[in-house]
Structure formats: structure tokens, C-alpha cells
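A.B. asks: Next comes the structure file input31.cif, holding mmCIF, C-alpha atoms and all ligand atoms.
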```
data_upload
loop_
_atom_site.label_atom_id
_atom_site.label_comp_id
_atom_site.auth_asym_id
_atom_site.auth_seq_id
_atom_site.Cartn_x
_atom_site.Cartn_y
_atom_site.Cartn_z
CA MET Q 1 7.25 47.87 50.81
CA LEU Q 2 5.55 48.98 54.03
CA ASN Q 3 4.72 46.36 56.62
CA LYS Q 4 1.37 46.25 58.43
CA ASN Q 5 2.64 46.93 61.95
CA VAL Q 6 1.91 50.43 63.27
CA HIS Q 7 4.15 51.41 66.17
CA ILE Q 8 2.36 52.93 69.13
CA PHE Q 9 4.36 55.79 70.67
CA ASP Q 10 2.81 56.71 73.98
CA THR Q 11 3.36 60.27 75.18
CA THR Q 12 1.04 60.26 78.22
CA LEU Q 13 4.02 61.01 80.46
CA ARG Q 14 5.29 63.92 78.32
CA ASP Q 15 2.68 65.62 76.09
CA GLY Q 16 -0.14 64.17 78.23
CA GLU Q 17 1.39 65.43 81.43
CA GLN Q 18 1.38 68.99 80.05
CA VAL Q 19 -2.27 69.25 81.17
CA PRO Q 20 -2.40 72.07 83.75
CA GLY Q 21 -2.62 70.76 87.30
CA CYS Q 22 -1.90 67.13 86.40
CA LYS Q 23 1.74 66.84 87.35
CA LEU Q 24 2.74 63.33 88.38
CA ASN Q 25 5.55 62.43 90.76
CA THR Q 26 8.26 59.92 89.79
CA GLU Q 27 6.58 57.07 91.65
CA GLN Q 28 3.27 57.60 89.81
CA LYS Q 29 5.13 57.84 86.49
CA LEU Q 30 6.93 54.56 87.16
CA ILE Q 31 3.64 52.77 87.83
CA ILE Q 32 2.11 54.12 84.61
CA ALA Q 33 5.26 53.43 82.55
CA GLU Q 34 5.34 49.80 83.72
CA GLN Q 35 1.67 49.33 82.78
CA LEU Q 36 2.33 50.90 79.36
CA ASP Q 37 5.13 48.39 78.87
CA PHE Q 38 2.75 45.52 79.79
CA LEU Q 39 0.11 47.04 77.49
CA GLY Q 40 2.53 46.55 74.59
CA VAL Q 41 3.32 50.12 73.51
CA ASP Q 42 6.43 50.23 71.32
CA ILE Q 43 7.79 53.54 72.60
CA ILE Q 44 7.29 55.37 75.89
CA GLU Q 45 8.05 59.08 75.77
CA ALA Q 46 9.08 59.44 79.40
CA GLY Q 47 9.59 63.20 79.60
CA PHE Q 48 11.60 66.26 78.65
CA PRO Q 49 14.77 65.75 80.73
CA VAL Q 50 16.23 69.26 80.50
CA SER Q 51 12.96 70.87 81.59
CA SER Q 52 13.39 70.17 85.33
CA PRO Q 53 15.43 68.01 87.73
CA GLY Q 54 12.21 66.11 88.49
CA ASP Q 55 11.67 65.25 84.84
CA PHE Q 56 15.31 64.19 84.47
CA LYS Q 57 14.95 61.89 87.49
CA SER Q 58 11.73 60.36 86.11
CA VAL Q 59 13.22 59.69 82.66
CA GLU Q 60 16.27 58.11 84.28
CA ALA Q 61 14.18 55.93 86.62
CA ILE Q 62 11.86 54.84 83.76
CA SER Q 63 14.92 53.99 81.64
CA LYS Q 64 16.17 51.68 84.37
CA LEU Q 65 12.78 50.01 84.84
CA ILE Q 66 11.43 49.35 81.35
CA LYS Q 67 12.13 45.92 79.90
CA HIS Q 68 10.54 45.89 76.44
CA ALA Q 69 9.60 49.30 75.05
CA THR Q 70 11.96 51.92 73.66
CA VAL Q 71 12.30 54.80 76.16
CA CYS Q 72 12.36 58.26 74.61
CA GLY Q 73 13.28 61.72 75.88
CA LEU Q 74 12.24 65.02 74.24
CA THR Q 75 14.64 67.85 73.43
CA ARG Q 76 14.70 71.07 71.46
CA SER Q 77 17.36 71.43 68.74
CA VAL Q 78 19.72 72.64 71.43
CA GLU Q 79 23.01 70.89 72.27
CA ASN Q 80 22.53 71.01 76.02
CA ASP Q 81 18.99 69.56 75.82
CA ILE Q 82 20.35 66.66 73.75
CA LYS Q 83 23.31 66.04 76.07
CA VAL Q 84 21.03 66.03 79.14
CA ALA Q 85 18.51 63.71 77.44
CA ALA Q 86 21.29 61.27 76.51
CA GLU Q 87 22.44 61.28 80.14
CA ALA Q 88 18.90 60.61 81.45
CA LEU Q 89 18.45 57.76 78.93
CA LYS Q 90 21.80 56.10 79.50
CA TYR Q 91 20.34 53.10 81.40
CA ALA Q 92 17.59 52.43 78.83
CA LYS Q 93 17.77 49.08 77.01
CA LYS Q 94 16.44 50.85 73.91
CA PRO Q 95 17.00 54.63 74.13
CA ARG Q 96 15.61 57.18 71.66
CA ILE Q 97 16.25 60.92 71.51
CA HIS Q 98 13.34 62.95 70.13
CA THR Q 99 14.65 66.27 68.88
CA GLY Q 100 13.19 68.88 66.57
CA ILE Q 101 12.34 72.44 65.68
CA GLY Q 102 9.41 74.51 64.35
CA THR Q 103 9.21 74.44 60.54
CA SER Q 104 6.10 76.48 59.65
CA ASP Q 105 6.61 80.04 58.39
CA SER Q 106 4.89 81.36 61.49
CA HIS Q 107 7.30 79.48 63.82
CA ILE Q 108 10.33 80.47 61.73
CA GLN Q 109 9.33 84.12 61.53
CA PHE Q 110 7.83 84.78 64.98
CA LYS Q 111 9.35 82.16 67.29
CA PHE Q 112 12.86 81.93 65.91
CA LYS Q 113 13.06 85.22 63.93
CA SER Q 114 15.07 83.15 61.53
CA THR Q 115 15.14 81.79 57.96
CA ARG Q 116 14.31 78.46 56.35
CA GLU Q 117 17.99 77.85 55.55
CA ASP Q 118 18.98 78.40 59.18
CA ILE Q 119 16.22 76.00 60.35
CA LEU Q 120 17.53 73.31 57.98
CA LYS Q 121 21.01 73.73 59.43
CA ARG Q 122 19.81 73.62 63.02
CA ALA Q 123 17.73 70.51 62.30
CA TYR Q 124 20.69 68.74 60.66
CA ASP Q 125 23.08 69.65 63.48
CA ALA Q 126 20.64 68.54 66.20
CA VAL Q 127 20.13 65.11 64.64
CA LYS Q 128 23.85 64.66 63.98
CA TYR Q 129 24.64 65.57 67.59
CA ALA Q 130 21.92 63.24 68.96
CA LYS Q 131 23.37 60.44 66.80
CA SER Q 132 26.68 60.81 68.63
CA PHE Q 133 24.86 59.44 71.72
CA VAL Q 134 22.21 57.01 70.44
CA GLU Q 135 21.40 55.16 67.23
CA ASP Q 136 17.66 55.80 67.36
CA VAL Q 137 16.91 59.51 66.73
CA GLU Q 138 13.43 60.82 66.01
CA PHE Q 139 13.03 64.30 64.51
CA TYR Q 140 9.87 66.41 64.94
CA ALA Q 141 9.02 69.19 62.50
CA GLU Q 142 6.90 71.22 64.91
CA ASP Q 143 3.76 72.70 63.31
CA ALA Q 144 4.23 70.44 60.27
CA GLY Q 145 0.45 70.61 59.87
CA ARG Q 146 0.84 74.25 58.74
CA THR Q 147 4.22 73.82 57.05
CA ASP Q 148 4.36 74.07 53.29
CA ASN Q 149 4.83 70.51 51.92
CA GLU Q 150 7.79 71.32 49.67
CA PHE Q 151 9.77 72.82 52.52
CA LEU Q 152 8.71 69.99 54.84
CA ALA Q 153 10.09 67.50 52.32
CA ARG Q 154 13.43 69.37 52.35
CA VAL Q 155 13.47 69.22 56.15
CA CYS Q 156 12.82 65.48 56.05
CA GLU Q 157 15.58 64.86 53.48
CA THR Q 158 18.01 66.93 55.53
CA VAL Q 159 17.43 65.04 58.78
CA ILE Q 160 17.46 61.64 57.03
CA LYS Q 161 20.93 62.59 55.76
CA ALA Q 162 21.92 63.35 59.35
CA GLY Q 163 20.69 59.89 60.40
CA ALA Q 164 17.12 60.36 61.68
CA THR Q 165 15.33 57.03 62.05
CA VAL Q 166 11.81 58.44 62.59
CA LEU Q 167 10.22 61.58 61.11
CA ASN Q 168 7.49 63.02 63.29
CA ILE Q 169 4.97 65.16 61.35
CA PRO Q 170 3.03 66.92 64.13
CA ASP Q 171 -0.23 68.70 63.54
CA THR Q 172 0.75 70.75 66.57
CA THR Q 173 -2.26 73.06 66.48
CA GLY Q 174 -4.83 70.44 65.43
CA TYR Q 175 -5.68 72.45 62.31
CA CYS Q 176 -5.54 69.89 59.49
CA LEU Q 177 -8.53 68.15 57.97
CA PRO Q 178 -8.12 64.37 57.69
CA HIS Q 179 -7.75 64.38 53.88
CA GLU Q 180 -5.15 67.18 54.10
CA TYR Q 181 -3.12 65.38 56.77
CA GLY Q 182 -3.30 62.11 54.78
CA ALA Q 183 -2.20 63.95 51.62
CA LYS Q 184 0.77 65.46 53.50
CA ILE Q 185 1.99 62.01 54.54
CA LYS Q 186 1.47 60.69 50.99
CA TYR Q 187 3.38 63.67 49.57
CA LEU Q 188 6.33 62.99 51.89
CA ARG Q 189 6.37 59.29 51.01
CA GLU Q 190 6.41 60.14 47.31
CA ASN Q 191 8.78 63.11 47.32
CA VAL Q 192 11.40 62.68 50.06
CA LYS Q 193 14.63 61.07 48.84
CA GLY Q 194 15.66 58.26 51.20
CA ILE Q 195 12.21 58.04 52.84
CA ASP Q 196 12.54 54.25 53.09
CA LYS Q 197 15.34 54.75 55.63
CA ALA Q 198 12.90 56.32 58.13
CA ILE Q 199 9.46 55.76 59.63
CA LEU Q 200 6.88 58.53 59.28
CA SER Q 201 5.04 59.30 62.50
CA CYS Q 202 1.66 60.99 63.14
CA HIS Q 203 1.39 63.33 66.12
CA CYS Q 204 -2.04 64.95 65.96
CA HIS Q 205 -3.61 67.36 68.42
CA ASN Q 206 -7.33 67.51 68.98
CA ASP Q 207 -8.21 71.22 68.76
CA LEU Q 208 -10.97 70.54 66.22
CA GLY Q 209 -11.77 67.03 67.46
CA LEU Q 210 -9.92 65.49 64.50
CA ALA Q 211 -6.83 63.98 66.14
CA THR Q 212 -7.96 60.37 65.82
CA ALA Q 213 -9.28 60.79 62.25
CA ASN Q 214 -6.06 62.53 61.19
CA SER Q 215 -3.82 59.83 62.68
CA ILE Q 216 -5.82 57.11 60.93
CA GLU Q 217 -5.56 58.98 57.60
CA GLY Q 218 -1.83 59.25 58.29
CA VAL Q 219 -1.32 55.49 58.63
CA ILE Q 220 -3.61 54.74 55.68
CA ASN Q 221 -1.27 56.96 53.64
CA GLY Q 222 1.95 55.33 54.77
CA ALA Q 223 2.90 56.51 58.27
CA ARG Q 224 3.84 53.61 60.56
CA GLN Q 225 3.89 55.24 63.98
CA ILE Q 226 1.12 57.00 65.92
CA GLU Q 227 1.92 59.28 68.86
CA CYS Q 228 -0.91 59.23 71.35
CA THR Q 229 -1.92 59.37 75.00
CA ILE Q 230 -4.21 57.34 77.23
CA ASN Q 231 -7.69 58.96 77.27
CA GLY Q 232 -6.39 61.50 74.71
CA ILE Q 233 -5.11 63.77 77.47
CA GLY Q 234 -2.71 66.59 76.62
CA GLU Q 235 -2.35 70.32 76.17
CA ARG Q 236 -5.48 72.28 75.26
CA ALA Q 237 -7.95 69.81 73.67
CA GLY Q 238 -5.42 67.00 74.03
CA ASN Q 239 -3.67 64.45 71.83
CA THR Q 240 -4.81 61.46 69.80
CA ALA Q 241 -6.38 58.89 72.15
CA LEU Q 242 -4.38 55.65 72.16
CA GLU Q 243 -7.43 53.47 72.85
CA GLU Q 244 -9.30 54.97 69.87
CA VAL Q 245 -6.65 54.46 67.18
CA VAL Q 246 -5.83 50.97 68.44
CA MET Q 247 -9.47 49.86 68.40
CA ILE Q 248 -10.12 51.44 64.99
CA LEU Q 249 -7.29 49.37 63.50
CA LYS Q 250 -8.53 46.25 65.30
CA GLN Q 251 -12.18 46.69 64.28
CA HIS Q 252 -11.29 47.38 60.62
CA PRO Q 253 -9.04 44.44 59.70
CA TYR Q 254 -9.40 45.12 55.94
CA LEU Q 255 -7.09 48.16 56.46
CA ASN Q 256 -4.42 45.53 57.01
CA LEU Q 257 -2.79 47.54 59.80
CA ASP Q 258 -1.99 46.15 63.21
CA THR Q 259 -0.54 47.11 66.61
CA ASN Q 260 1.04 45.13 69.44
CA ILE Q 261 -1.42 46.44 72.04
CA LYS Q 262 -3.10 44.02 74.49
CA THR Q 263 -6.49 45.65 74.15
CA GLU Q 264 -7.99 43.90 77.21
CA MET Q 265 -5.82 46.21 79.33
CA LEU Q 266 -7.26 49.45 77.89
CA TYR Q 267 -10.05 50.02 80.41
CA GLY Q 268 -7.78 49.39 83.42
CA ILE Q 269 -5.00 51.68 82.24
CA SER Q 270 -7.52 54.40 81.38
CA HIS Q 271 -8.65 54.37 85.02
CA LEU Q 272 -5.08 54.28 86.32
CA VAL Q 273 -4.20 57.41 84.32
CA SER Q 274 -7.35 59.34 85.17
CA ASP Q 275 -7.07 58.48 88.89
CA SER Q 276 -3.35 59.32 89.05
CA MET Q 277 -3.81 62.64 87.27
CA GLY Q 278 -7.13 63.50 88.86
CA ILE Q 279 -8.71 64.03 85.43
CA TYR Q 280 -12.20 62.72 85.09
CA THR Q 281 -12.97 60.95 81.79
CA GLN Q 282 -16.19 62.11 80.09
CA PRO Q 283 -18.85 59.35 80.34
CA ASN Q 284 -19.43 59.32 76.57
CA LYS Q 285 -15.70 58.95 75.79
CA ALA Q 286 -15.21 56.33 73.05
CA ILE Q 287 -13.94 52.92 74.24
CA VAL Q 288 -13.26 53.76 77.92
CA GLY Q 289 -16.07 56.14 79.01
CA ALA Q 290 -18.54 54.91 81.65
CA ASN Q 291 -21.33 54.87 79.03
CA ALA Q 292 -19.34 53.32 76.17
CA PHE Q 293 -21.15 49.99 76.70
CA ALA Q 294 -24.29 51.21 78.50
CA HIS Q 295 -27.72 51.04 76.87
CA SER Q 296 -30.65 53.02 78.19
CA SER Q 297 -33.35 53.36 75.55
CA GLY Q 298 -35.98 50.62 75.35
CA ILE Q 299 -35.42 49.87 71.65
CA HIS Q 300 -31.65 49.49 72.06
CA GLN Q 301 -31.99 47.46 75.25
CA ASP Q 302 -34.39 45.02 73.64
CA GLY Q 303 -31.92 44.56 70.75
CA VAL Q 304 -28.84 44.11 72.95
CA ILE Q 305 -30.60 41.61 75.23
CA LYS Q 306 -31.50 39.55 72.13
CA ASN Q 307 -28.05 39.91 70.57
CA ARG Q 308 -25.28 42.23 71.77
CA GLU Q 309 -24.10 42.96 68.22
CA THR Q 310 -27.34 44.76 67.30
CA TYR Q 311 -26.04 47.91 68.99
CA GLU Q 312 -22.39 47.18 69.83
CA ILE Q 313 -19.49 47.04 67.37
CA ILE Q 314 -16.92 46.13 70.04
CA ASP Q 315 -17.10 43.22 72.46
CA PRO Q 316 -16.63 44.98 75.84
CA LYS Q 317 -14.37 42.12 77.00
CA ASP Q 318 -11.91 43.06 74.22
CA VAL Q 319 -11.17 46.32 76.03
CA GLY Q 320 -11.35 44.96 79.57
CA VAL Q 321 -14.98 45.82 80.40
CA THR Q 322 -16.70 42.79 81.95
CA GLU Q 323 -20.06 43.24 80.24
CA SER Q 324 -22.43 45.69 78.57
CA SER Q 325 -24.80 47.40 80.99
CA ILE Q 326 -28.53 47.81 80.73
CA VAL Q 327 -29.35 51.08 82.48
CA LEU Q 328 -32.91 51.49 83.73
CA THR Q 329 -34.48 54.88 83.03
CA ALA Q 330 -37.94 56.13 82.10
CA ARG Q 331 -37.00 55.31 78.47
CA SER Q 332 -36.52 51.61 79.30
CA GLY Q 333 -38.98 48.94 78.23
CA ARG Q 334 -40.26 45.72 79.80
CA ALA Q 335 -37.41 43.62 78.30
CA ALA Q 336 -34.82 45.64 80.20
CA LEU Q 337 -36.75 45.56 83.47
CA ALA Q 338 -37.21 41.77 83.19
CA TYR Q 339 -33.50 41.36 82.39
CA ARG Q 340 -32.34 43.41 85.37
CA ALA Q 341 -34.88 41.77 87.72
CA LYS Q 342 -33.59 38.34 86.62
CA ASN Q 343 -29.99 39.45 87.35
CA ILE Q 344 -30.94 40.03 90.98
CA GLY Q 345 -32.90 36.79 91.30
CA PHE Q 346 -36.50 37.58 90.25
CA GLU Q 347 -37.76 35.58 87.27
CA LEU Q 348 -40.94 37.41 86.21
CA THR Q 349 -43.84 36.09 84.14
CA LYS Q 350 -45.41 38.34 81.52
CA LEU Q 351 -48.36 39.12 83.82
CA GLN Q 352 -46.10 39.89 86.79
CA LEU Q 353 -44.01 42.16 84.58
CA ASP Q 354 -47.14 44.01 83.40
CA GLU Q 355 -48.14 44.46 87.03
CA ILE Q 356 -44.90 46.09 88.18
CA TYR Q 357 -43.99 47.98 84.97
CA SER Q 358 -46.26 50.98 85.67
CA THR Q 359 -44.84 51.36 89.21
CA PHE Q 360 -41.37 51.14 87.67
CA LEU Q 361 -42.20 54.01 85.24
CA GLU Q 362 -43.49 56.22 88.07
CA PHE Q 363 -40.27 55.51 89.95
CA ALA Q 364 -38.12 56.18 86.88
CA ASP Q 365 -39.87 59.50 86.18
CA LYS Q 366 -38.83 60.67 89.64
CA LYS Q 367 -35.29 59.24 89.57
CA LYS Q 368 -32.69 59.60 86.80
CA GLU Q 369 -31.68 55.97 87.07
CA VAL Q 370 -33.37 52.99 88.74
CA ASP Q 371 -30.85 50.78 90.55
CA ASP Q 372 -30.98 47.25 91.94
CA SER Q 373 -32.22 48.33 95.37
CA ASP Q 374 -35.07 50.27 93.68
CA ILE Q 375 -36.04 47.13 91.73
CA HIS Q 376 -36.15 45.21 95.02
CA GLN Q 377 -38.36 47.89 96.52
CA ILE Q 378 -40.70 47.96 93.50
CA ILE Q 379 -41.12 44.17 93.50
CA GLU Q 380 -41.43 43.81 97.28
CA SER Q 381 -44.18 46.42 97.47
CA SER Q 382 -46.15 44.96 94.54
CA LYS Q 383 -49.33 42.81 94.73
CA VAL Q 384 -47.48 39.96 93.01
CA TYR Q 385 -44.52 39.75 95.38
CA LYS Q 386 -45.72 36.61 97.23
CA GLU Q 387 -46.49 34.91 93.94
CA ILE Q 388 -43.01 35.76 92.59
CA ILE Q 389 -41.10 34.43 95.56
CA SER Q 390 -43.17 31.30 95.91
CA ALA Q 391 -42.60 30.30 92.28
O1 LIG G 401 2.75 68.92 69.28
C1 LIG G 401 3.97 68.94 69.00
O2 LIG G 401 4.40 69.49 67.99
C2 LIG G 401 4.87 68.30 69.96
C3 LIG G 401 6.31 68.17 69.56
C4 LIG G 401 7.18 68.70 70.64
C5 LIG G 401 6.60 66.77 69.22
O3 LIG G 401 4.45 67.85 70.98
ZN ZN G 402 2.27 67.56 70.88
#
```
What does the file become when written as C-alpha cells?
C.D. replies:
Amino acid sequence: MLNKNVHIFDTTLRDGEQVPGCKLNTEQKLIIAEQLDFLGVDIIEAGFPVSSPGDFKSVEAISKLIKHATVCGLTRSVENDIKVAAEALKYAKKPRIHTGIGTSDSHIQFKFKSTREDILKRAYDAVKYAKSFVEDVEFYAEDAGRTDNEFLARVCETVIKAGATVLNIPDTTGYCLPHEYGAKIKYLRENVKGIDKAILSCHCHNDLGLATANSIEGVINGARQIECTINGIGERAGNTALEEVVMILKQHPYLNLDTNIKTEMLYGISHLVSDSMGIYTQPNKAIVGANAFAHSSGIHQDGVIKNRETYEIIDPKDVGVTESSIVLTARSGRAALAYRAKNIGFELTKLQLDEIYSTFLEFADKKKEVDDSDIHQIIESSKVYKEIISA
């Protein structure tokens, strides 16, 4: 019987950091890792220790620092990678080695110039070797999204026999459709002997904009770990966005799936990551974008001012945003102008509002957005200014 808790495996510092030009130094990684721990992620993938001395040092330093989360290091199915990862993780309270190999025919044929039987052996040996250092060993079947399900099931059975505790099923190229990815997870749950000994994990890339949808289909079909990054950063079109999957599960309680994430920290950590990496977050980004809780059309503004829930499905405070914003543009109506004027101390009557609204529209047609100082200027230069301030 599956429980309702979905583990959040954050890979901002490994897969996320693979974004060109976004390299972080150890100090920056430590700050982010500590915030991820406070956020409540279950696993922090701290890096790929064999890849460089800098990455080794970061994984080691994060292992020493982190109090609650499991700290994980990536390896290929190569003995030296695994030995080096174990060394970097030796101070972690809860260490995990994440090892794996490509399993799709294209990886086997072109990358490894090998055979399925050889891949099974290499996978088994890698997990067995990793188990000689740590109890918690996650196996990734790279390009599982394009791996034939029957062979993938054999890979999973093989690594469970070697002691794998987590089976990562990456859609490495972001190719799968949500129903296909969900069906893959269901197939593995129904056809892999010993599947109850391991947790299935979703690791979905966003090449077709489907990473979040695929991860959600994965957990609906029995996976209990999602691998994701803050703001969805990562190679190419990025990874599954942590804030999106967490809020989907929170906003749809009937799915009966839960995480340990303190959602009020999401907005702050999104800024920390984008500032540290120098990657700007698109304004329309779900949950954490600058416009995620901004309303600019008159019809929407009128609704939100009357009751926030008319146009918002998330309370901004739940993700750490102080309040929804009413943005004044040429599409705004009188309700929005009155609301914003009141916020800066001008309580307008209906007649006063009628008087300044046309000036406001002329202003808004010239400017993209009317700010508080513009509202001051519009009111102060109006015929009704004296009447407003003497009220
Ligand atoms: O996308 C992928 O397949 C990966 C693995 C290395 C886990 O990042
Ligand atoms: Zn990846």
C-alpha cells in the first residue's frame, strides 16, 4: 500500500546548475542548500563529486552542514565515480549515492556501443558497489522516457536485486506525453518483481513544456518521489519546477498526495536562486513570477477587489507573496483606480473618481503602467484636489 507522502528531491545544485553560465561557488551553494533544508525538501542532490575538485568540495561541505535532508551525490556506473562520491558524502547524516546508466536503445547503441545484457550487468555492479559504502542507493535509468517498458522493467528488477532503494525513471529528453509517462510508471509498479522494496522517482525534463504535467502523472500512477529544481532551471528547457508540483499537490487535496514543503518559503527561495545564478525568472512564471498575482484588466481587477478568489486559485501568502497586486494600465477600470488611490491615502467619491478617470486614461495610454507617484500627480493637478484633501 502506497502512502500519501511524495518525497521532494531537489536537484537545483546539480541538474539545475548545468545551465550554461550559472556556475555557483561553494559559499553560494551552502547558502542555497541550507535554505532548501529549511524549506523541507527530503533530498538535496548536492553535485557530481567526480566531475571537478570544486564540485567534490561543495558536496563535502554541504554534507557537513545539512541537518535534516538526505544529501545525495551523482555518479555514472563507474567504480571511481562511486568511490569519490562516497568520500565526498562521508560526513552526511543521511548520505545517498545516485548512480545509473543509459537504458534506451539509442544510448546503448550510440553512447555505449554495447548490448542490453552488458547494461544490465553494469547497472547491477554499480549498485552493488555503491551499497558497499552507503545503505541508500538510487539508480537512474537514463533516457527511461524512450526506453522500451519491458527492458526497463528488467533493469529495475536487476538493480532492486542489487539493493537499490530508489528507482529514478528520467524522461531525460522531455519527450513523453503525460499519459505515456504515467502509463510507464504504472507498468513498472505492476510488472517489476520486488517493486515494493523501492520508491519510484520522476525526473522529467521540460523540452516540450510537459515536465510538471509528466511528474504529476507519475505520482498519480504510483511514483513517490519527484526530482525538481527551484524555478525549473536546468539544462536546455530545464527540469520540473519544484514550486509548481508542490503547489499542484497542495491545491488538489483530493489527489491525496502531500509533501513536507513549507510553501510560504517558495517566493523567497526562488529569488535567492535567480539572484545567485543571475538567471532572470520570466514574469508570467507560475507561482513565483512577478505577475503570478498581478491583475491588470478592469474586469479582473473589479472581481479581485470584491473577492480575491474570483481570479486567484492560490492565496499569495501561501507562497510567501504579501498580497495580490492591482496594476494600473489603460485596461484598468474605476474600481482599480479607486482602490490604488485609497492605498496611498485618497478616499474618492464617485463624482471625484469620474473627474480624474479620464485624465488617468490619457496618462495610461502614454505610459505602460501608472504608478503611485503618477496617481499623486493626477489627483494633485485635478479640479477636485482641494475638495479631496479637505474631506
Ligand atoms: O536527466 C537525466 O537523465 C539525469 C540523470 C543523470 C539522473 O539528469
Ligand atoms: Zn536530468
A.B. asks: Between atom CA of Q:Cys156 and atom CA of Q:Glu244, what is the distance in Å, rounded to a tenth?
C.D. replies: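 Going from atom CA of Q:Cys156 over to atom CA of Q:Glu244, I get 28.1 Å.
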A.B. asks: What is the distance between atom CA of Q:Asn214 and atom CA of Q:Gly182, in Å to one decimal?
C.D. replies: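 The value is 7.0 Å.
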A.B. asks: Would you mind telling me which residue in Q:Asn343, Q:Thr359, Q:Ser215, Q:Asn206 lies nearest to ligand ZN 402 (chain G) when using all atoms listed in the file?
C.D. replies: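 Nearest to ligand ZN 402 (chain G): Q:Asn206.
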A.B. asks: Any idea what the distance is between atom CA of Q:Ser390 and atom CA of Q:Glu347?
C.D. replies: 11.1 Å
A.B. asks: Q:Ser324, Q:Asn168, Q:Thr281, Q:Asn191: which is nearest ligand ZN 402 (chain G), counting only C-alpha atoms and all ligand atoms?
C.D. replies: Q:Asn168
A.B. asks: I'd like the contact shell of stretch 129-131 of chain Q - 9 Å cut-off, only C-alpha atoms, skipping same-chain residues fewer than 6 positions apart - returned as a list in words.
C.D. replies: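 So, after excluding close chain neighbours, the residues are Glu79, Ile82, Lys83, Ala86, Ile97, His98, Thr99, Val137, Ala162, Gly163 and Ala164 of chain Q.
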A.B. asks: Using all atoms listed in the file - which residues lie no farther than 10 Å from the point (-6.5, 74.4, 69.6) in the file's frame? Write them as a PyMOL selection string.
C.D. replies: chain Q and resi 172-175+205-209+235-238
A.B. asks: If I only have part of stretch 302-324 of chain Q, can you fill in N, CA and C atoms and write it as a CSV table (one decimal), keeping the file's coordinate frame?
C.D. replies:
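Listed below is the output, out-v1.csv:
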```
chain,number,residue,atom,x,y,z
Q,302,ASP,N,-33.7,46.2,74.1
Q,302,ASP,CA,-34.4,45.0,73.6
Q,302,ASP,C,-33.5,44.3,72.6
Q,303,GLY,N,-32.8,45.1,71.7
Q,303,GLY,CA,-31.9,44.6,70.8
Q,303,GLY,C,-30.7,43.9,71.4
Q,304,VAL,N,-30.1,44.6,72.3
Q,304,VAL,CA,-28.8,44.1,73.0
Q,304,VAL,C,-29.1,42.8,73.8
Q,305,ILE,N,-30.3,42.8,74.4
Q,305,ILE,CA,-30.6,41.6,75.2
Q,305,ILE,C,-30.8,40.4,74.3
Q,306,LYS,N,-31.3,40.7,73.1
Q,306,LYS,CA,-31.5,39.6,72.1
Q,306,LYS,C,-30.2,39.2,71.5
Q,307,ASN,N,-29.4,40.2,71.1
Q,307,ASN,CA,-28.0,39.9,70.6
Q,307,ASN,C,-27.2,41.2,70.7
Q,308,ARG,N,-26.1,41.1,71.5
Q,308,ARG,CA,-25.3,42.2,71.8
Q,308,ARG,C,-24.9,43.0,70.5
Q,309,GLU,N,-24.6,42.3,69.4
Q,309,GLU,CA,-24.1,43.0,68.2
Q,309,GLU,C,-25.1,43.9,67.5
Q,310,THR,N,-26.4,43.9,67.9
Q,310,THR,CA,-27.3,44.8,67.3
Q,310,THR,C,-27.0,46.2,67.5
Q,311,TYR,N,-26.4,46.5,68.7
Q,311,TYR,CA,-26.0,47.9,69.0
Q,311,TYR,C,-24.6,48.1,69.5
Q,312,GLU,N,-23.8,47.0,69.4
Q,312,GLU,CA,-22.4,47.2,69.8
Q,312,GLU,C,-21.4,46.7,68.8
Q,313,ILE,N,-20.4,47.5,68.4
Q,313,ILE,CA,-19.5,47.0,67.4
Q,313,ILE,C,-18.2,46.5,68.0
Q,314,ILE,N,-18.1,46.7,69.3
Q,314,ILE,CA,-16.9,46.1,70.0
Q,314,ILE,C,-17.4,45.2,71.1
Q,315,ASP,N,-16.8,44.1,71.3
Q,315,ASP,CA,-17.1,43.2,72.5
Q,315,ASP,C,-16.4,43.9,73.7
Q,316,PRO,N,-17.2,44.3,74.7
Q,316,PRO,CA,-16.6,45.0,75.8
Q,316,PRO,C,-15.4,44.2,76.5
Q,317,LYS,N,-15.5,42.9,76.4
Q,317,LYS,CA,-14.4,42.1,77.0
Q,317,LYS,C,-13.1,42.4,76.3
Q,318,ASP,N,-13.1,42.8,75.0
Q,318,ASP,CA,-11.9,43.1,74.2
Q,318,ASP,C,-11.2,44.3,74.7
Q,319,VAL,N,-11.9,45.1,75.5
Q,319,VAL,CA,-11.2,46.3,76.0
Q,319,VAL,C,-11.1,46.3,77.5
Q,320,GLY,N,-11.5,45.1,78.1
Q,320,GLY,CA,-11.4,45.0,79.6
Q,320,GLY,C,-12.6,45.4,80.4
Q,321,VAL,N,-13.7,45.5,79.7
Q,321,VAL,CA,-15.0,45.8,80.4
Q,321,VAL,C,-15.7,44.5,80.5
Q,322,THR,N,-16.1,44.1,81.8
Q,322,THR,CA,-16.7,42.8,82.0
Q,322,THR,C,-17.9,42.5,81.1
Q,323,GLU,N,-18.9,43.5,81.1
Q,323,GLU,CA,-20.1,43.2,80.2
Q,323,GLU,C,-20.8,44.6,79.9
Q,324,SER,N,-21.6,44.5,78.9
Q,324,SER,CA,-22.4,45.7,78.6
Q,324,SER,C,-23.4,45.9,79.7
```
